[in-house]
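Structure first, commentary second.
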Amino acid sequence: MAADKRTTKRSRKNTRPHLFDPLTLRGLEIRNRVWLPPMDTYSAFAQDGKPTPFHYQHYVSRALGGFGMVIAEATAVSPEGRISPNDVGLWNEDQVEAWRWIVDGIRDAGAVPAVQLNHSGRKGSTGSFAVGYEGQSVPLDAGGWETVAPSPIAFGEYTTPRELATDEIRGIIEQFRAAADRAIRAGFQAIEIHAAHGYLLSEFLDPLTNERTDEYGGDLTGRMRLLIEVSDAVRSVMPDNAPLLVRISATDWAAGGWDLDQTIAVARALRSHGVDLIDVSTGGIIAGVTIPAEPGYQVPFAAEVRKHADIRTTAVGLITKAKQADKIVNHGYADAVEIGRAALRNPYWPLRAAYKLGLSREAAGYPDQYVRGAY
């Protein structure tokens, strides 16, 4: 009898927990709802924007580990759009070729390869472990550059940016379009536009960082104009079956600044401009604010955007447990979850989560080479 009980306890089910249900966006099927969010690695050490064998190992290992979508880190649309000198990019053809084998490796491992396109704005030319000057602006004579923004307002102690002229703004829209075209030619199956965390598009959205009086400032319609035009430009070069995502900070956690109501309004507008999913985060726009970080603290924002903008969302931020992630999807708070820092600790987080949720090794989708080591 004891042996029978142990057998029953160890039995695994073939029915999928909701976390492991496939998700279809624009006809593209993603094998589950566990995604890798874009996380900067600052590892283009030649400072040429080209990913390296490190990036192959980093991303393909997570694809082998069972993630449904792998979103490559903030990828600059121009040299001046980098966050640090060691960011990757898609501003030239050499970078297309450097990305291609990584993209192929992600797809061959069963995940959807996606890329986040970004312009850093006033938070560019900053230091990292690779170049030093961490938490500071990199001086011009140490490889830094002049930063730009909607208005000449610095982020914390960073260098004050130069205000963009209107024709320069239109040039940046073209940079996003060209980078998206390169991303598609490199093989990426989805694109995310970075409009969160205080980088350029986020700076245009927020009334605390955008004091412009032209068509790209003023009321919400003006402040969202650049993001809408970038979305249109990116969508114009994407295949019909390629999903377009936008990452937004749902609040800047500052009085009088960006908030959930404005996020919902922008999400509704983006939906009508061909955006398929909002990647909901918070913060990073205003320096020195207090963020009440705790497990799942950003999930309610994803739920509200999903409900009131009638658009699919992902949730991210201190989601570390399998049951916690499954509950988010099961209750309809978000359509997918993104596992960030926990995925840095364990590239095979989805396979472990599948076991924790009672999914059989067959249904979990182990690579054939790894079946012998299945939980």
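We label chains A, B, ... in the order they appear in the structure tokens, count residues from 1 in each chain, and number ligands from 1 in the order shown.
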Residues of stretch 162-361 of chain A in strand (DSSP E), written as a list in words
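Secondary structure check on stretch 162-361 of chain A, strand (DSSP E): Arg162, Glu163, Ala190, Ile191, Glu192, Ile193, His194, Ala195, Leu244, Leu245, Val246, Arg247, Ile248, Ser249, Leu277, Ile278, Asp279, Val280, Ser281, Arg312, Thr313, Thr314, Ala315, Val316, Ala336, Val337 and Glu338 of chain A.
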Polymer residues at most 12 Å from A:Ala186, only C-alpha atoms, same-chain spacing of 4 or more positions, as a list in words
Leu90, Asn92, Glu93, Asp94, Gln95, Val96, Glu97, Ala98, Trp99, Arg100, Trp101, Ile102, Val103, Asp104, Gly105, Arg107, Pro113, Ala114, Val115, Ala179, Ala180, Asp181, Arg182, Ala190 and Ile191 of chain A
Just the selected residues (C-alpha atoms), exported as a tab-separated table (two decimals), in the first residue's frame, please.
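Result file again.tsv:
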chain	number	residue	atom	x	y	z
A	90	LEU	CA	20.73	46.95	-34.88
A	92	ASN	CA	24.00	48.45	-39.33
A	93	GLU	CA	24.19	45.34	-41.50
A	94	ASP	CA	27.12	43.77	-39.64
A	95	GLN	CA	24.89	43.55	-36.57
A	96	VAL	CA	22.20	41.74	-38.59
A	97	GLU	CA	24.67	38.98	-39.40
A	98	ALA	CA	25.95	38.85	-35.81
A	99	TRP	CA	22.41	38.33	-34.50
A	100	ARG	CA	21.37	35.72	-37.06
A	101	TRP	CA	22.99	32.62	-35.52
A	102	ILE	CA	21.64	33.57	-32.08
A	103	VAL	CA	18.13	34.01	-33.44
A	104	ASP	CA	18.37	30.67	-35.26
A	105	GLY	CA	19.55	28.99	-32.07
A	107	ARG	CA	14.10	29.23	-32.63
A	113	PRO	CA	12.99	34.91	-30.69
A	114	ALA	CA	12.02	38.52	-30.03
A	115	VAL	CA	14.05	41.70	-29.68
A	179	ALA	CA	16.22	48.74	-36.98
A	180	ALA	CA	12.92	46.84	-37.12
A	181	ASP	CA	13.58	45.95	-40.74
A	182	ARG	CA	17.01	44.62	-39.78
A	190	ALA	CA	8.46	39.44	-32.73
A	191	ILE	CA	9.56	42.97	-31.87
Of the candidates A:Val299, A:Leu25, A:Ile248, A:Val305, which shows the shortest atom-to-atom distance to A:Ile264, using only C-alpha atoms?
A:Val305
Work out how far atom CA of A:Thr126 is from atom CA of A:Pro79, in Å to one decimal.
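The value is 12.9 Å.
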Check which residues of stretch 51-113 of chain A sit at most 12 Å from stretch 331-347 of chain A using only C-alpha atoms, and return one row each with the closest pair of atoms and their distance in Å to one decimal, ordered by chain and rising number, as CSV.
residue,atom,partner,partner_atom,distance
A:Gln57,CA,A:Pro347,CA,10.4
A:His58,CA,A:Pro347,CA,8.4
A:Tyr59,CA,A:Pro347,CA,8.9
A:Val60,CA,A:Pro347,CA,9.4
A:Ser61,CA,A:Pro347,CA,6.2
A:Arg62,CA,A:Pro347,CA,4.8
A:Ala63,CA,A:Pro347,CA,8.3
A:Leu64,CA,A:Pro347,CA,8.3
A:Gly65,CA,A:Pro347,CA,5.7
A:Gly66,CA,A:Pro347,CA,8.5
A:Phe67,CA,A:Pro347,CA,8.8
A:Gly68,CA,A:Ala336,CA,9.5
A:Met69,CA,A:Glu338,CA,9.2
A:Val70,CA,A:Glu338,CA,9.6
A:Ile71,CA,A:Glu338,CA,9.7
A:Ala72,CA,A:Gly340,CA,11.8
A:Glu73,CA,A:Gly340,CA,11.3
Point-to-point distance in Å for atom CA of A:Arg306 and atom CA of A:Tyr199:
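One can read the atom CA of A:Tyr199 to atom CA of A:Arg306 distance as 23.3 Å.
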Counting only C-alpha atoms, what is within 7 Å of A:Gly317, bar same-chain residues fewer than 6 positions away, as a list in words?
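Listed by chain and then number, they are Gly296, Tyr297 and Gln298 of chain A.
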If you run DSSP on the backbone here, which positions in stretch 64-111 of chain A get helix (DSSP H, G or I)? Please write them as a list of chain:residue names.
A:Leu64, A:Pro79, A:Glu80, A:Gly81, A:Glu93, A:Asp94, A:Gln95, A:Val96, A:Glu97, A:Ala98, A:Trp99, A:Arg100, A:Trp101, A:Ile102, A:Val103, A:Asp104, A:Gly105, A:Ile106, A:Arg107, A:Asp108
Include N, CA and C atoms and write out the residues we just selected as a JSON list (two decimals), in the first residue's frame.
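Below you can see selection-v4.json, which holds the result:
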[["chain", "number", "residue", "atom", "x", "y", "z"],
["A", 64, "LEU", "N", 16.51, 26.57, -24.52],
["A", 64, "LEU", "CA", 16.58, 25.15, -24.19],
["A", 64, "LEU", "C", 15.93, 24.87, -22.83],
["A", 79, "PRO", "N", 23.92, 54.41, -32.54],
["A", 79, "PRO", "CA", 24.99, 54.43, -31.53],
["A", 79, "PRO", "C", 24.66, 55.31, -30.34],
["A", 80, "GLU", "N", 24.02, 56.45, -30.61],
["A", 80, "GLU", "CA", 23.65, 57.38, -29.53],
["A", 80, "GLU", "C", 22.46, 56.87, -28.72],
["A", 81, "GLY", "N", 21.79, 55.84, -29.23],
["A", 81, "GLY", "CA", 20.65, 55.27, -28.53],
["A", 81, "GLY", "C", 21.02, 54.18, -27.54],
["A", 93, "GLU", "N", 24.35, 46.68, -40.94],
["A", 93, "GLU", "CA", 24.19, 45.34, -41.50],
["A", 93, "GLU", "C", 25.09, 44.31, -40.83],
["A", 94, "ASP", "N", 26.26, 44.71, -40.34],
["A", 94, "ASP", "CA", 27.12, 43.77, -39.64],
["A", 94, "ASP", "C", 26.41, 43.20, -38.40],
["A", 95, "GLN", "N", 25.62, 44.01, -37.75],
["A", 95, "GLN", "CA", 24.89, 43.55, -36.57],
["A", 95, "GLN", "C", 23.80, 42.55, -36.95],
["A", 96, "VAL", "N", 23.20, 42.71, -38.12],
["A", 96, "VAL", "CA", 22.20, 41.74, -38.59],
["A", 96, "VAL", "C", 22.83, 40.36, -38.65],
["A", 97, "GLU", "N", 24.00, 40.27, -39.26],
["A", 97, "GLU", "CA", 24.67, 38.98, -39.40],
["A", 97, "GLU", "C", 25.11, 38.43, -38.05],
["A", 98, "ALA", "N", 25.51, 39.30, -37.14],
["A", 98, "ALA", "CA", 25.95, 38.85, -35.81],
["A", 98, "ALA", "C", 24.79, 38.29, -35.00],
["A", 99, "TRP", "N", 23.59, 38.82, -35.22],
["A", 99, "TRP", "CA", 22.41, 38.33, -34.50],
["A", 99, "TRP", "C", 21.87, 37.02, -35.08],
["A", 100, "ARG", "N", 22.10, 36.77, -36.36],
["A", 100, "ARG", "CA", 21.37, 35.72, -37.06],
["A", 100, "ARG", "C", 21.55, 34.33, -36.42],
["A", 101, "TRP", "N", 22.79, 33.96, -36.07],
["A", 101, "TRP", "CA", 22.99, 32.62, -35.52],
["A", 101, "TRP", "C", 22.36, 32.48, -34.13],
["A", 102, "ILE", "N", 22.30, 33.59, -33.39],
["A", 102, "ILE", "CA", 21.64, 33.57, -32.08],
["A", 102, "ILE", "C", 20.15, 33.38, -32.25],
["A", 103, "VAL", "N", 19.57, 34.12, -33.18],
["A", 103, "VAL", "CA", 18.13, 34.01, -33.44],
["A", 103, "VAL", "C", 17.79, 32.59, -33.90],
["A", 104, "ASP", "N", 18.60, 32.04, -34.79],
["A", 104, "ASP", "CA", 18.37, 30.67, -35.26],
["A", 104, "ASP", "C", 18.45, 29.68, -34.11],
["A", 105, "GLY", "N", 19.40, 29.89, -33.21],
["A", 105, "GLY", "CA", 19.55, 28.99, -32.07],
["A", 105, "GLY", "C", 18.36, 29.03, -31.13],
["A", 106, "ILE", "N", 17.82, 30.21, -30.89],
["A", 106, "ILE", "CA", 16.63, 30.35, -30.04],
["A", 106, "ILE", "C", 15.45, 29.61, -30.67],
["A", 107, "ARG", "N", 15.24, 29.84, -31.94],
["A", 107, "ARG", "CA", 14.10, 29.23, -32.63],
["A", 107, "ARG", "C", 14.27, 27.70, -32.72],
["A", 108, "ASP", "N", 15.47, 27.25, -33.02],
["A", 108, "ASP", "CA", 15.71, 25.80, -33.11],
["A", 108, "ASP", "C", 15.47, 25.11, -31.77]]
Separation of atom CA of A:Pro38 from atom CA of A:Val280 in Å
12.5 Å
Extract, using only C-alpha atoms, all DNA, RNA and protein residues at most 7 Å from A:Ile173, discarding same-chain residues fewer than 4 positions from it, and format them as a list in words.
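Listed by chain and then number, they are Ile169, Arg177, Glu229, Val230 and Ala233 of chain A.
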I'd like the contact shell of A:Glu362 - 9 Å cut-off, only C-alpha atoms, skipping same-chain residues fewer than 3 positions apart - returned as a PyMOL selection string.
chain A and resi 14+359+365-366+371
